$ cat data-v5.txt   # compact mmCIF, C-alpha atoms and all ligand atoms
# COMPACT_ATOMS: atom_id res chain seq x y z
CA MET A 787 83.37 81.59 85.72
CA ALA A 788 84.39 83.56 88.77
CA GLU A 789 85.31 87.15 88.20
CA ARG A 790 88.80 87.90 89.48
CA GLY A 791 90.63 91.11 90.29
CA ILE A 792 93.86 91.62 88.40
CA THR A 793 97.26 91.22 90.00
CA PRO A 794 98.65 94.68 90.73
CA SER A 795 101.92 95.97 89.34
CA GLN A 796 105.08 96.51 91.38
CA THR A 797 108.36 98.14 90.40
CA VAL A 798 110.94 96.16 88.41
CA GLY A 799 113.48 97.44 90.97
CA PRO A 800 117.18 98.02 90.32
CA PHE A 801 118.35 94.39 90.06
CA PHE A 802 116.49 92.90 87.07
CA ALA A 803 119.35 92.84 84.57
CA TYR A 804 120.78 89.38 85.30
CA CYS A 805 117.34 87.95 84.46
CA LEU A 806 115.72 90.26 81.89
CA THR A 807 118.71 91.78 80.07
CA PRO A 808 121.50 89.39 81.10
CA GLU A 809 124.03 89.85 78.29
CA ALA A 810 126.54 91.42 80.73
CA TYR A 811 126.19 88.30 82.88
CA ASP A 812 127.09 86.00 79.99
CA ALA A 813 123.58 84.64 79.97
CA ARG A 814 120.98 84.32 77.26
CA GLY A 815 117.96 86.61 77.51
CA ILE A 816 114.73 86.01 75.67
CA ALA A 817 115.16 89.21 73.64
CA GLY A 818 117.85 91.80 73.04
CA ASN A 819 118.00 95.15 71.32
CA GLU A 820 118.18 93.72 67.79
CA ILE A 821 114.60 93.30 66.66
CA ALA A 822 114.88 92.60 62.96
CA GLY A 823 116.79 89.76 61.33
CA PRO A 824 118.39 90.22 57.90
CA ASP A 825 115.25 88.93 56.16
CA ALA A 826 112.79 91.30 57.85
CA ALA A 827 110.87 93.60 55.54
CA GLY A 828 111.65 97.30 55.79
CA GLN A 829 114.28 100.00 55.95
CA ARG A 830 116.91 99.15 58.54
CA ILE A 831 117.23 101.81 61.23
CA HIS A 832 118.72 102.46 64.64
CA ILE A 833 116.74 104.21 67.34
CA GLU A 834 118.90 105.69 70.05
CA GLY A 835 118.16 107.85 73.02
CA ARG A 836 118.28 108.36 76.74
CA VAL A 837 115.93 107.95 79.68
CA LEU A 838 116.04 111.09 81.87
CA ASP A 839 114.51 111.85 85.26
CA GLY A 840 112.76 114.95 86.58
CA ALA A 841 116.09 116.65 87.28
CA GLY A 842 117.25 115.96 83.72
CA GLU A 843 119.70 113.35 85.01
CA PRO A 844 120.19 110.05 83.18
CA VAL A 845 118.34 107.00 84.50
CA PRO A 846 121.03 104.30 84.45
CA ASP A 847 118.85 101.40 85.60
CA ALA A 848 115.81 101.46 83.30
CA MET A 849 114.58 98.82 80.87
CA VAL A 850 112.97 99.92 77.62
CA GLU A 851 110.89 97.44 75.60
CA ILE A 852 109.50 97.97 72.11
CA TRP A 853 106.79 96.21 70.09
CA GLN A 854 106.27 97.02 66.44
CA ALA A 855 105.16 95.93 62.98
CA ASP A 856 107.64 95.32 60.16
CA GLY A 857 108.16 97.61 57.14
CA GLU A 858 104.97 96.31 55.56
CA GLY A 859 102.87 96.98 58.65
CA ARG A 860 102.67 93.32 59.63
CA TYR A 861 102.90 92.21 63.25
CA PRO A 862 104.94 89.05 63.73
CA GLU A 863 101.98 86.68 63.83
CA ALA A 864 101.09 87.53 60.23
CA PRO A 865 101.55 84.54 57.90
CA GLY A 866 104.95 84.43 56.24
CA ASN A 867 106.59 86.81 58.69
CA ALA A 868 108.87 84.41 60.56
CA ALA A 869 111.89 86.68 60.00
CA PHE A 870 110.53 89.29 62.34
CA ARG A 871 109.91 88.97 66.08
CA GLY A 872 108.74 92.56 66.59
CA PHE A 873 109.88 92.72 70.22
CA GLY A 874 113.06 94.06 71.78
CA ARG A 875 114.52 94.92 75.14
CA ALA A 876 117.33 97.22 76.16
CA GLU A 877 118.79 98.13 79.53
CA THR A 878 119.97 101.73 79.83
CA ASP A 879 123.69 102.27 80.44
CA VAL A 880 125.32 104.55 83.02
CA ASP A 881 124.45 107.56 80.85
CA GLY A 882 120.82 106.48 80.55
CA ARG A 883 121.38 105.46 76.91
CA PHE A 884 119.65 102.72 74.95
CA VAL A 885 119.71 101.72 71.30
CA PHE A 886 117.52 99.47 69.17
CA VAL A 887 118.46 97.96 65.84
CA THR A 888 115.31 97.38 63.84
CA VAL A 889 113.34 98.22 60.71
CA LYS A 890 111.12 101.25 60.29
CA PRO A 891 107.52 100.04 60.76
CA GLY A 892 104.89 100.49 58.08
CA PRO A 893 101.40 101.85 58.68
CA VAL A 894 99.03 99.57 60.64
CA PRO A 895 95.22 99.62 60.92
CA GLY A 896 93.70 102.06 63.39
CA PRO A 897 90.52 101.98 65.48
CA ASP A 898 88.15 102.62 62.55
CA GLY A 899 90.12 100.70 59.93
CA ALA A 900 91.88 103.85 58.69
CA PRO A 901 95.66 103.48 58.83
CA GLN A 902 97.72 104.74 61.73
CA ALA A 903 101.00 106.50 61.01
CA PRO A 904 104.07 104.25 61.44
CA HIS A 905 104.79 103.92 65.14
CA ILE A 906 106.35 101.68 67.78
CA GLY A 907 104.80 100.71 71.12
CA VAL A 908 107.16 101.42 74.03
CA SER A 909 107.20 100.23 77.65
CA VAL A 910 109.51 101.78 80.24
CA PHE A 911 110.35 100.04 83.52
CA ALA A 912 112.66 101.25 86.30
CA ARG A 913 113.23 101.51 90.00
CA GLY A 914 110.88 104.29 91.12
CA LEU A 915 108.25 103.33 88.52
CA LEU A 916 105.53 101.33 90.24
CA ASN A 917 103.88 100.68 86.88
CA ARG A 918 105.08 100.03 83.36
CA LEU A 919 104.92 103.36 81.50
CA ALA A 920 103.47 103.00 78.00
CA THR A 921 104.29 105.42 75.22
CA ARG A 922 104.89 105.42 71.45
CA ILE A 923 107.58 106.40 68.99
CA TYR A 924 106.49 108.17 65.78
CA PHE A 925 108.81 109.39 63.03
CA ALA A 926 109.31 113.05 62.14
CA ASP A 927 109.56 112.40 58.40
CA GLU A 928 106.11 110.78 58.09
CA PRO A 929 103.39 112.91 56.49
CA ALA A 930 100.83 110.42 57.88
CA ASN A 931 101.45 111.85 61.39
CA GLU A 932 99.08 114.69 60.43
CA GLY A 933 96.07 112.39 60.25
CA ASP A 934 97.04 109.88 62.91
CA PRO A 935 94.10 109.15 65.24
CA VAL A 936 96.26 108.60 68.32
CA LEU A 937 98.48 111.66 67.88
CA ALA A 938 95.25 113.63 67.51
CA LEU A 939 94.38 112.68 71.13
CA VAL A 940 97.61 114.20 72.41
CA PRO A 941 97.68 117.93 73.22
CA ALA A 942 99.44 119.61 70.28
CA ASP A 943 102.16 121.15 72.45
CA ARG A 944 103.16 117.70 73.77
CA ARG A 945 103.17 115.69 70.51
CA GLU A 946 106.85 116.44 69.96
CA THR A 947 107.72 114.16 72.88
CA LEU A 948 106.56 111.15 70.85
CA ILE A 949 108.46 111.95 67.67
CA ALA A 950 111.85 110.49 66.79
CA ARG A 951 114.03 112.68 64.57
CA ALA A 952 116.69 111.60 62.10
CA VAL A 953 120.09 112.44 63.56
CA SER A 954 122.09 110.82 60.74
CA GLN A 955 121.47 108.43 57.86
CA GLY A 956 119.25 105.63 59.19
CA VAL A 957 119.56 106.77 62.83
CA TYR A 958 116.68 108.26 64.80
CA GLY A 959 116.99 110.01 68.15
CA TYR A 960 114.27 109.65 70.76
CA ASP A 961 114.54 110.48 74.48
CA VAL A 962 112.18 109.51 77.29
CA ARG A 963 111.71 112.27 79.89
CA LEU A 964 109.97 110.72 82.87
CA GLN A 965 109.05 113.96 84.57
CA GLY A 966 109.27 117.75 84.37
CA GLU A 967 110.22 119.96 81.42
CA GLY A 968 109.30 118.21 78.17
CA GLU A 969 107.78 115.26 80.04
CA THR A 970 107.07 112.43 77.59
CA VAL A 971 103.42 111.68 76.93
CA PHE A 972 102.52 108.39 78.58
CA PHE A 973 99.33 106.53 77.75
CA GLU A 974 96.74 104.70 79.77
CA ILE A 975 96.31 101.52 77.74
CA MET B 421 100.79 85.85 69.87
CA SER B 422 97.79 86.40 67.68
CA GLN B 423 95.05 88.80 68.51
CA THR B 424 92.25 86.99 70.34
CA PRO B 425 88.87 87.84 68.83
CA GLY B 426 86.31 89.13 71.30
CA ARG B 427 88.89 89.94 73.94
CA ALA B 428 88.20 93.08 75.98
CA TYR B 429 90.33 94.94 78.48
CA PRO B 430 88.07 96.99 80.76
CA ARG B 431 89.81 100.07 82.10
CA GLU B 432 88.12 99.86 85.51
CA SER B 433 90.45 96.97 86.32
CA LEU B 434 93.44 99.33 86.26
CA ALA B 435 92.32 100.67 89.65
CA ALA B 436 94.11 97.69 91.22
CA HIS B 437 97.50 99.14 90.30
CA PRO B 438 99.42 101.56 92.50
CA PRO B 439 99.53 105.23 91.50
CA ASN B 440 102.75 106.32 89.79
CA ASP B 441 103.18 109.06 92.36
CA ALA B 442 103.76 107.44 95.76
CA PRO B 443 105.86 109.83 97.88
CA ALA B 444 106.65 107.27 100.60
CA TYR B 445 108.63 105.37 97.95
CA ALA B 446 111.45 107.88 97.56
CA SER B 447 112.58 106.82 94.08
CA THR B 448 109.23 107.91 92.63
CA ARG B 449 109.94 111.56 93.44
CA LEU B 450 112.09 112.30 90.39
CA ARG B 451 110.82 109.48 88.22
CA ALA B 452 107.03 109.34 88.38
CA PRO B 453 105.34 111.30 85.58
CA ARG B 454 103.38 114.33 86.79
CA ARG B 455 101.20 114.93 83.75
CA PRO B 456 97.97 112.94 83.36
CA LEU B 457 98.11 109.83 81.20
CA VAL B 458 96.47 110.16 77.77
CA ILE B 459 93.81 107.49 77.26
CA LEU B 460 94.75 105.37 74.26
CA PRO B 461 92.00 103.43 72.46
CA HIS B 462 93.22 99.89 71.88
CA THR B 463 94.46 99.40 68.33
CA LEU B 464 96.22 96.46 66.71
CA THR B 465 99.46 97.62 68.39
CA GLU B 466 97.97 97.16 71.87
CA LEU B 467 95.91 94.07 71.07
CA THR B 468 98.82 92.05 69.75
CA GLY B 469 102.00 91.17 71.61
CA PRO B 470 105.17 89.12 71.51
CA ALA B 471 104.87 85.34 71.63
CA TYR B 472 107.41 83.62 73.87
CA GLY B 473 106.34 80.02 74.07
CA HIS B 474 107.94 76.75 75.05
CA ASP B 475 110.79 77.14 72.57
CA SER B 476 112.05 80.20 74.47
CA VAL B 477 112.81 78.28 77.66
CA ALA B 478 115.33 75.49 78.13
CA GLU B 479 114.79 72.41 80.26
CA GLY B 480 115.47 73.10 83.94
CA GLU B 481 115.18 76.89 83.75
CA ASN B 482 112.35 76.69 86.28
CA ASP B 483 114.65 75.14 88.91
CA LEU B 484 116.84 77.88 90.38
CA THR B 485 118.61 75.39 92.66
CA LEU B 486 120.32 73.72 89.69
CA GLY B 487 123.15 74.78 87.38
CA HIS B 488 125.91 75.26 89.94
CA ALA B 489 128.53 73.01 91.51
CA GLY B 490 126.49 72.52 94.66
CA ALA B 491 123.13 73.22 96.22
CA PRO B 492 122.31 76.79 97.32
CA LEU B 493 121.97 77.62 101.00
CA GLY B 494 118.53 78.39 102.34
CA GLU B 495 115.08 76.98 102.68
CA ARG B 496 114.16 75.06 99.49
CA ILE B 497 110.69 76.01 98.25
CA ILE B 498 108.30 75.27 95.38
CA VAL B 499 106.29 78.20 94.04
CA THR B 500 103.37 77.14 91.89
CA GLY B 501 100.11 78.57 90.64
CA ARG B 502 98.06 79.45 87.59
CA VAL B 503 98.00 82.43 85.29
CA LEU B 504 94.38 83.41 84.69
CA ASP B 505 92.39 86.18 83.04
CA GLU B 506 89.72 88.27 84.74
CA ASP B 507 87.08 85.65 83.93
CA GLY B 508 89.17 83.01 85.66
CA ARG B 509 90.14 81.39 82.36
CA PRO B 510 93.67 79.99 82.05
CA VAL B 511 96.33 81.91 80.14
CA PRO B 512 98.24 79.04 78.51
CA HIS B 513 101.71 79.05 76.92
CA THR B 514 102.79 82.40 78.32
CA LEU B 515 106.26 83.18 79.62
CA LEU B 516 107.09 83.95 83.26
CA GLU B 517 110.52 85.29 84.18
CA ILE B 518 111.53 85.51 87.85
CA TRP B 519 114.48 86.91 89.76
CA GLN B 520 115.26 87.15 93.45
CA ALA B 521 117.84 87.63 96.19
CA ASN B 522 119.56 84.65 97.78
CA ALA B 523 118.73 83.33 101.26
CA ALA B 524 120.90 86.05 102.82
CA GLY B 525 119.06 88.84 101.02
CA ARG B 526 121.79 89.51 98.44
CA TYR B 527 121.32 89.77 94.67
CA ILE B 528 123.99 88.65 92.22
CA HIS B 529 123.54 92.04 90.47
CA VAL B 530 126.79 94.07 90.31
CA ASN B 531 125.13 97.10 91.91
CA ASP B 532 123.90 95.27 95.01
CA ARG B 533 126.16 96.49 97.86
CA HIS B 534 124.29 94.88 100.75
CA ASP B 535 126.84 93.46 103.19
CA ALA B 536 125.54 89.91 103.00
CA PRO B 537 127.27 86.97 101.32
CA ILE B 538 126.94 85.99 97.67
CA ASP B 539 126.05 82.30 97.39
CA PRO B 540 128.31 80.73 94.74
CA ASN B 541 125.61 78.15 94.14
CA PHE B 542 122.78 80.57 93.46
CA THR B 543 122.15 83.05 90.67
CA GLY B 544 118.45 83.69 91.26
CA ALA B 545 117.00 83.94 87.75
CA GLY B 546 114.46 81.54 86.21
CA ARG B 547 111.93 81.11 83.43
CA VAL B 548 108.97 78.91 82.71
CA VAL B 549 106.08 78.82 80.23
CA THR B 550 102.57 78.06 81.49
CA ASP B 551 100.98 74.76 80.48
CA ALA B 552 97.63 74.33 78.72
CA SER B 553 95.74 75.04 81.95
CA GLY B 554 97.80 78.14 82.79
CA GLY B 555 99.83 76.30 85.42
CA TYR B 556 103.48 76.92 86.29
CA ALA B 557 105.96 75.84 88.96
CA PHE B 558 109.40 76.98 90.11
CA THR B 559 111.81 75.33 92.52
CA THR B 560 114.02 77.82 94.33
CA ILE B 561 115.09 78.90 97.83
CA LYS B 562 113.26 81.36 100.01
CA PRO B 563 114.80 84.81 99.44
CA GLY B 564 115.99 86.84 102.42
CA ALA B 565 114.81 90.33 103.38
CA TYR B 566 117.25 93.13 102.54
CA PRO B 567 117.83 96.77 103.55
CA TRP B 568 117.27 99.45 100.89
CA ARG B 569 117.85 102.94 102.37
CA ASN B 570 114.44 104.31 101.35
CA HIS B 571 114.07 105.67 104.89
CA HIS B 572 115.70 104.98 108.25
CA ASN B 573 115.92 101.22 108.89
CA ALA B 574 114.06 100.32 105.69
CA TRP B 575 113.91 96.60 104.85
CA ARG B 576 112.14 95.01 101.89
CA PRO B 577 109.96 92.05 102.84
CA ALA B 578 111.12 88.78 101.26
CA HIS B 579 109.91 88.76 97.64
CA ILE B 580 110.33 87.21 94.22
CA HIS B 581 110.13 89.48 91.16
CA PHE B 582 107.80 88.25 88.38
CA SER B 583 107.60 89.38 84.74
CA LEU B 584 104.78 88.16 82.44
CA PHE B 585 103.61 88.86 78.91
CA GLY B 586 100.11 87.41 78.51
CA PRO B 587 98.43 87.54 75.10
CA SER B 588 98.94 91.21 74.19
CA PHE B 589 100.90 94.42 74.73
CA VAL B 590 98.14 95.46 77.15
CA THR B 591 98.60 92.41 79.41
CA ARG B 592 102.33 92.93 80.10
CA LEU B 593 102.92 92.79 83.86
CA VAL B 594 105.91 93.14 86.18
CA THR B 595 105.18 92.52 89.83
CA GLN B 596 106.48 90.97 93.06
CA MET B 597 105.32 87.96 95.06
CA TYR B 598 105.48 88.12 98.85
CA PHE B 599 105.28 85.51 101.63
CA PRO B 600 102.45 85.11 104.12
CA GLY B 601 102.85 86.52 107.63
CA ASP B 602 105.89 88.66 106.81
CA PRO B 603 106.06 91.42 109.48
CA LEU B 604 107.85 93.71 107.02
CA LEU B 605 104.85 93.92 104.67
CA GLY B 606 103.08 96.48 106.83
CA LEU B 607 106.18 98.69 106.76
CA ASP B 608 106.93 98.42 103.02
CA PRO B 609 106.11 101.53 100.93
CA ILE B 610 106.23 99.50 97.70
CA TRP B 611 103.62 96.94 98.76
CA GLN B 612 101.65 99.64 100.61
CA SER B 613 101.51 101.77 97.45
CA ILE B 614 98.65 99.56 96.24
CA PRO B 615 95.57 101.44 97.46
CA ASP B 616 93.10 98.56 97.71
CA ALA B 617 93.84 96.12 100.53
CA ARG B 618 92.27 93.21 98.64
CA ALA B 619 94.45 93.90 95.60
CA ARG B 620 97.50 94.10 97.88
CA GLU B 621 96.69 90.68 99.36
CA ARG B 622 96.72 89.17 95.87
CA LEU B 623 100.52 89.63 95.88
CA VAL B 624 100.92 87.51 99.01
CA SER B 625 101.40 83.82 98.27
CA SER B 626 99.83 81.21 100.49
CA PHE B 627 101.58 78.34 102.18
CA ASP B 628 100.24 75.08 100.76
CA ILE B 629 100.79 71.70 102.41
CA GLU B 630 99.54 69.96 99.23
CA THR B 631 102.37 71.54 97.23
CA THR B 632 104.90 70.85 99.99
CA LYS B 633 107.02 67.77 99.21
CA PRO B 634 107.86 65.51 102.16
CA GLU B 635 111.56 65.55 103.11
CA TRP B 636 112.24 68.03 100.28
CA ALA B 637 110.63 71.49 100.02
CA LEU B 638 107.92 73.78 101.36
CA GLY B 639 105.20 74.75 98.90
CA TYR B 640 103.66 78.15 98.19
CA ARG B 641 100.79 78.97 95.84
CA PHE B 642 100.67 82.17 93.83
CA ASP B 643 98.00 82.72 91.16
CA ILE B 644 98.40 85.67 88.81
CA VAL B 645 95.46 87.41 87.12
CA LEU B 646 96.19 89.30 83.92
CA ARG B 647 93.88 91.81 82.26
CA GLY B 648 91.35 90.45 79.80
CA ARG B 649 87.74 89.37 79.69
CA GLY B 650 85.77 87.38 77.18
CA ALA B 651 83.33 90.18 76.34
CA THR B 652 82.64 90.87 72.70
CA PRO B 653 84.07 94.07 71.21
CA MET B 654 80.56 95.56 71.12
CA GLU B 655 80.47 95.56 74.92
CA ASP B 656 83.68 97.54 75.31
CA PRO B 657 83.74 101.05 73.88
CA HIS B 658 87.54 101.16 74.19
CA HIS B 659 88.13 98.06 72.14
CA GLY B 660 89.70 98.74 68.74
FE FE C 1001 113.93 93.01 94.97
$ encode --input "data-v5.txt" --output "structure tokens"
Amino acid sequence: MAERGITPSQTVGPFFAYCLTPEAYDARGIAGNEIAGPDAAGQRIHIEGRVLDGAGEPVPDAMVEIWQADGEGRYPEAPGNAAFRGFGRAETDVDGRFVFVTVKPGPVPGPDGAPQAPHIGVSVFARGLLNRLATRIYFADEPANEGDPVLALVPADRRETLIARAVSQGVYGYDVRLQGEGETVFFEI
Amino acid sequence: MSQTPGRAYPRESLAAHPPNDAPAYASTRLRAPRRPLVILPHTLTELTGPAYGHDSVAEGENDLTLGHAGAPLGERIIVTGRVLDEDGRPVPHTLLEIWQANAAGRYIHVNDRHDAPIDPNFTGAGRVVTDASGGYAFTTIKPGAYPWRNHHNAWRPAHIHFSLFGPSFVTRLVTQMYFPGDPLLGLDPIWQSIPDARARERLVSSFDIETTKPEWALGYRFDIVLRGRGATPMEDPHHG
């Protein structure tokens, strides 16, 4: 079969909402910010935060997507896990805010079969981003972070940028800083 | 979608993408990360991904000229092609979402202030899922060029925005399709941000008389290649 070069990325631009996150346009999107149905396994949590630019200003036209396992560490394709889609999308508001309603993920297998600490895969899209930015959310109250093989690849002084902290019962705070002071760690995947 | 055994995602392929930092595109200046990306070995999180198959799309969502009281203004077109992997194998049953400006270059989005008319018969959003051979088709109208204030007298070439999932988190792609012969392409910092000219050309659709329907619509072909090769995990040191 003929080898083919991949199709390059371009920015999502500022006008995606009426297609990708169309709730404000009274239209049905393929996914919203509620990831877990009532029957999904795991502790129900909210993750809320802001997307900020290099001047510390809110980014009001970003889209954040998340992909995660359920509370038992099962991705949605696992048998018997129909209650959990694992994928969500949120458009930031005028203050750069987003929120996801989900369950806290369980540990999932890592590169060598050893478990990874509970985490969520994150994609950030916006005008001014020519590529999808990939990052992860970890949880401050997880002892497994210590031995996590991916966190170990991140310079120690930048790991904090990946860690969501409990701000109230069942609510975690997590900001994405695109550039500058406290810049979020983004991954090449 | 389930993890495909033996799938590999060579990192060399990423060279086709634009850099994050592209100063000629003004919006990158405060938004593009400055620190180097951390290389993430692919784990289950990256090798799995959401499955949006045929049940996620309703009948007719791939015809953007329908759903209103009348027909939209503009040149009716058919955009068709295949979604393939890097070996040229089809990517079946994967979701494409598209959005675009109307024939006058105006989006329905509330923040679009371009002084061009809204078309009451055109929204400009569509979806389709690829068939077993990776094929897809949309019916729509040709979008207009629009000004965007990036620099003096800046105009985006006519384009359709595309969003695709593919089989895993790694294959997620958002891009734009352009039209052949557009004089604005050479002046567009977004298209020009792609360093390799051959990669850039892959975003330009081709006019196709075979796809063109007599007395109805012009046809354009646009194939999309997502990351992924059939190599075994042993051949890719980055594979989880
Ligand atoms: Fe656009």
$ closest_residue --input "data-v5.txt" --among "B:Asp532, B:Glu466, B:Glu432, B:Asp643" --to "ligand FE 1001 (chain C)" --atoms "only C-alpha atoms and all ligand atoms"
B:Asp532
$ interface_residues --input "data-v5.txt" --of "chain A" --to "chain B" --cutoff "6 Å" --atoms "all atoms listed in the file" --output "PDB file with C-alpha atoms, in the frame of the given file"
ATOM      1  CA  MET A 787      83.370  81.590  85.720  1.00  0.00           C
ATOM      2  CA  ALA A 788      84.390  83.560  88.770  1.00  0.00           C
ATOM      3  CA  GLU A 789      85.310  87.150  88.200  1.00  0.00           C
ATOM      4  CA  ARG A 790      88.800  87.900  89.480  1.00  0.00           C
ATOM      5  CA  ILE A 792      93.860  91.620  88.400  1.00  0.00           C
ATOM      6  CA  THR A 793      97.260  91.220  90.000  1.00  0.00           C
ATOM      7  CA  PRO A 794      98.650  94.680  90.730  1.00  0.00           C
ATOM      8  CA  SER A 795     101.920  95.970  89.340  1.00  0.00           C
ATOM      9  CA  GLN A 796     105.080  96.510  91.380  1.00  0.00           C
ATOM     10  CA  PHE A 801     118.350  94.390  90.060  1.00  0.00           C
ATOM     11  CA  CYS A 805     117.340  87.950  84.460  1.00  0.00           C
ATOM     12  CA  ASP A 839     114.510 111.850  85.260  1.00  0.00           C
ATOM     13  CA  GLY A 840     112.760 114.950  86.580  1.00  0.00           C
ATOM     14  CA  GLU A 863     101.980  86.680  63.830  1.00  0.00           C
ATOM     15  CA  GLY A 896      93.700 102.060  63.390  1.00  0.00           C
ATOM     16  CA  PRO A 897      90.520 101.980  65.480  1.00  0.00           C
ATOM     17  CA  GLY A 914     110.880 104.290  91.120  1.00  0.00           C
ATOM     18  CA  LEU A 916     105.530 101.330  90.240  1.00  0.00           C
ATOM     19  CA  LEU A 964     109.970 110.720  82.870  1.00  0.00           C
ATOM     20  CA  GLN A 965     109.050 113.960  84.570  1.00  0.00           C
ATOM     21  CA  PHE A 972     102.520 108.390  78.580  1.00  0.00           C
ATOM     22  CA  PHE A 973      99.330 106.530  77.750  1.00  0.00           C
ATOM     23  CA  GLU A 974      96.740 104.700  79.770  1.00  0.00           C
ATOM     24  CA  ILE A 975      96.310 101.520  77.740  1.00  0.00           C
TER      25      ILE A 975
END
$ residues_around --input "data-v5.txt" --residues "range 867-877 of chain A" --least-positions-apart "4" --cutoff "7 Å" --atoms "all atoms listed in the file" --output "PyMOL selection string"
(chain A and resi 807+817-823+825-826+847-855+861-863+884) or (chain B and resi 470)
$ closest_residue --input "data-v5.txt" --among "A:Val957, A:Arg830, A:Val894, A:Arg913" --to "Trp568 in chain B" --atoms "only C-alpha atoms"
A:Arg913
$ atom_distance --input "data-v5.txt" --atom1 "CA of Pro603 in chain B" --atom2 "CA of Thr632 in chain B"
22.7 Å
$ residues_near_point --input "data-v5.txt" --point "(110.2, 98.5, 88.9)" --cutoff "6 Å" --atoms "only C-alpha atoms" --output "count of residues only"
8
$ atom_distance --input "data-v5.txt" --atom1 "CA of Gly859 in chain A" --atom2 "CA of Pro895 in chain A"
8.4 Å
$ residues_around --input "data-v5.txt" --residues "Asp879 in chain A" --least-positions-apart "3" --cutoff "6 Å" --atoms "all atoms listed in the file" --output "number ranges by chain"
A: 846, 882-883
$ build_atoms --input "data-v5.txt" --residues "range 801-812 of chain A" --atoms "N, CA, C and O atoms" --output "CSV table (one decimal), in the frame of the given file"
chain,number,residue,atom,x,y,z
A,801,PHE,N,117.5,95.6,90.2
A,801,PHE,CA,118.4,94.4,90.1
A,801,PHE,C,117.8,93.4,89.1
A,801,PHE,O,118.1,92.2,89.2
A,802,PHE,N,117.1,93.8,88.0
A,802,PHE,CA,116.5,92.9,87.1
A,802,PHE,C,117.4,92.4,86.0
A,802,PHE,O,117.2,91.4,85.4
A,803,ALA,N,118.6,93.1,85.8
A,803,ALA,CA,119.4,92.8,84.6
A,803,ALA,C,119.8,91.4,84.4
A,803,ALA,O,119.8,90.9,83.3
A,804,TYR,N,120.2,90.7,85.5
A,804,TYR,CA,120.8,89.4,85.3
A,804,TYR,C,119.7,88.4,84.9
A,804,TYR,O,120.0,87.2,84.5
A,805,CYS,N,118.4,88.8,85.0
A,805,CYS,CA,117.3,88.0,84.5
A,805,CYS,C,116.8,88.5,83.1
A,805,CYS,O,116.7,87.7,82.2
A,806,LEU,N,116.5,89.8,83.1
A,806,LEU,CA,115.7,90.3,81.9
A,806,LEU,C,116.6,90.7,80.8
A,806,LEU,O,116.2,90.6,79.6
A,807,THR,N,117.8,91.3,81.1
A,807,THR,CA,118.7,91.8,80.1
A,807,THR,C,120.1,91.3,80.4
A,807,THR,O,121.0,92.1,80.8
A,808,PRO,N,120.3,90.0,80.4
A,808,PRO,CA,121.5,89.4,81.1
A,808,PRO,C,122.8,89.3,80.3
A,808,PRO,O,123.7,88.6,80.7
A,809,GLU,N,122.8,90.0,79.1
A,809,GLU,CA,124.0,89.8,78.3
A,809,GLU,C,125.3,90.1,79.1
A,809,GLU,O,126.3,89.4,78.9
A,810,ALA,N,125.3,91.1,80.0
A,810,ALA,CA,126.5,91.4,80.7
A,810,ALA,C,126.9,90.3,81.7
A,810,ALA,O,128.0,90.3,82.3
A,811,TYR,N,126.0,89.4,82.0
A,811,TYR,CA,126.2,88.3,82.9
A,811,TYR,C,126.5,87.0,82.1
A,811,TYR,O,126.3,85.9,82.7
A,812,ASP,N,126.8,87.2,80.8
A,812,ASP,CA,127.1,86.0,80.0
A,812,ASP,C,125.9,85.0,80.0
A,812,ASP,O,126.1,83.8,79.9
